[in-house]
Amino acid sequence: MKTTVFSLMAAAAVTLTACNNETLVPYDIAQKPANIQVKGYSKPDSLQLRLNGEPVLINKKPYYAGNITADVQFVVDEGETDILTVNRKDDGKEIAKYVINYKNLEDFKTISFFNLPGLFLQAAVTKPTVNLGRTGFMFIFPNLGELSKNGLTEVRGVLRKANGDAVLDEKGKAVVFEKIGKTAFTDVQVFRNFTGSAVYLDLYKAGESTPYTTVELKNGVRYSMIVLQEKDEAGKVVVKGDINVADYL
């Protein structure tokens, strides 16, 4: 018997049942309960979650924007596959797809995403704690290598001032991000505010002592959750840090 139940917030539970030979005798198969916590954000687009093609209601609504939180509950049968997708309201386009089965269910306890114009992050986004008079930076690089074809999956980042001096944390050590990757934000690094409109992030490939590129960033912002992106400018691949996710939180 295939039984699917999904319930979100105040939405009523829905149960779909298939029977064999028009009887009420269930198939003798193994099952597991699924409880997937969805944590998302979308602006300005409204989105829709779909479980096996059926809309998932949140607070009795089929579309949602801003903060999106839900517990998606259903039953997974051994040997079968369930599909959870994220779709745009305007054109119905699927922008994320999660293929869930009996064996990989534990990999989907939490699904996180962040949707902005031209950007969809499948990553958890939590605003860090940064005290007044301090600046905090954290980074993610979701399209690393996609345009440059450099084969990199992570890079090392070092912050410096315009005069070339290293930015120092509160212990007097250089602010270094050892692994800036594609799927999760780095830990926040905090330093005292300093004058100057810009701060620079030198990016290094593994094992190299010379940066392969430098990204100019806005200085003096208390929370900086920067999305690094490879972009094509006049046929040349450059790295930009124009999007600060903290602006939307």
# chains A, B, ... in the order shown; residues from 1 in each chain; ligands from 1
$ residues_around --residues "stretch 97-105 of chain A" --least-positions-apart "2" --cutoff "12 Å" --atoms "only C-alpha atoms" --output "ChimeraX atom specification"
/A:29-36,38,49-53,73-87,93-95,107-113,122
$ residues_around --residues "A:Val130" --least-positions-apart "4" --cutoff "8 Å" --atoms "only C-alpha atoms" --output "list in words"
Arg134, Thr135, Gly136, Val190, Arg222 and Tyr223 of chain A
$ residues_around --residues "A:Phe141" --least-positions-apart "6" --cutoff "7 Å" --atoms "only C-alpha atoms" --output "PyMOL selection string"
chain A and resi 180-182+227-229
$ write_last_selection --atoms "N, CA, C and O atoms" --output "PDB file, in the first residue's frame"
ATOM      1  N   ILE A 180      36.307  28.506   1.410  1.00  0.00           N
ATOM      2  CA  ILE A 180      35.086  29.102   0.879  1.00  0.00           C
ATOM      3  C   ILE A 180      34.574  28.152  -0.193  1.00  0.00           C
ATOM      4  O   ILE A 180      35.210  27.966  -1.230  1.00  0.00           O
ATOM      5  N   GLY A 181      33.422  27.530   0.071  1.00  0.00           N
ATOM      6  CA  GLY A 181      32.922  26.483  -0.814  1.00  0.00           C
ATOM      7  C   GLY A 181      31.616  26.854  -1.493  1.00  0.00           C
ATOM      8  O   GLY A 181      31.120  27.978  -1.396  1.00  0.00           O
ATOM      9  N   LYS A 182      31.038  25.850  -2.132  1.00  0.00           N
ATOM     10  CA  LYS A 182      29.882  26.064  -3.001  1.00  0.00           C
ATOM     11  C   LYS A 182      28.536  25.827  -2.319  1.00  0.00           C
ATOM     12  O   LYS A 182      27.512  26.298  -2.804  1.00  0.00           O
ATOM     13  N   VAL A 227      27.648  36.530  -1.279  1.00  0.00           N
ATOM     14  CA  VAL A 227      27.605  35.481  -2.293  1.00  0.00           C
ATOM     15  C   VAL A 227      28.604  35.849  -3.385  1.00  0.00           C
ATOM     16  O   VAL A 227      28.399  36.819  -4.129  1.00  0.00           O
ATOM     17  N   LEU A 228      29.693  35.114  -3.456  1.00  0.00           N
ATOM     18  CA  LEU A 228      30.666  35.313  -4.529  1.00  0.00           C
ATOM     19  C   LEU A 228      30.140  34.650  -5.793  1.00  0.00           C
ATOM     20  O   LEU A 228      29.566  33.565  -5.748  1.00  0.00           O
ATOM     21  N   GLN A 229      30.347  35.307  -6.938  1.00  0.00           N
ATOM     22  CA  GLN A 229      29.859  34.771  -8.204  1.00  0.00           C
ATOM     23  C   GLN A 229      30.859  35.016  -9.323  1.00  0.00           C
ATOM     24  O   GLN A 229      31.392  36.123  -9.454  1.00  0.00           O
TER      25      GLN A 229
END
$ select_by_dssp --residues "stretch 7-247 of chain A" --states "strand (DSSP E)" --output "number ranges by chain"
A: 14-18, 31-51, 54-55, 64-77, 81-88, 94-101, 110-116, 119-121, 134-140, 154-160, 176-181, 189-192, 198-204, 213-218, 223-233, 236-244
$ closest_residue --among "A:Tyr248, A:Phe194, A:Tyr63, A:Tyr212" --to "A:Leu152" --atoms "only C-alpha atoms"
A:Tyr212
$ select_by_dssp --residues "stretch 11-248 of chain A" --states "helix (DSSP H, G or I)" --output "MDAnalysis selection string"
chainID A and resid 105:108 245:248
$ closest_residue --among "A:Leu132, A:Leu116, A:Leu121, A:Val245" --to "A:Arg192" --atoms "only C-alpha atoms"
A:Leu132
$ closest_residue --among "A:Thr213, A:Asn193, A:Thr69, A:Asn115" --to "A:Val155" --atoms "only C-alpha atoms"
A:Thr213
$ atom_distance --atom1 "atom CA of A:Asp45" --atom2 "atom CA of A:Ile243"
16.8 Å
$ closest_residue --among "A:Ala124, A:Val56, A:Leu249, A:Val238" --to "A:Asn143" --atoms "only C-alpha atoms"
A:Val238
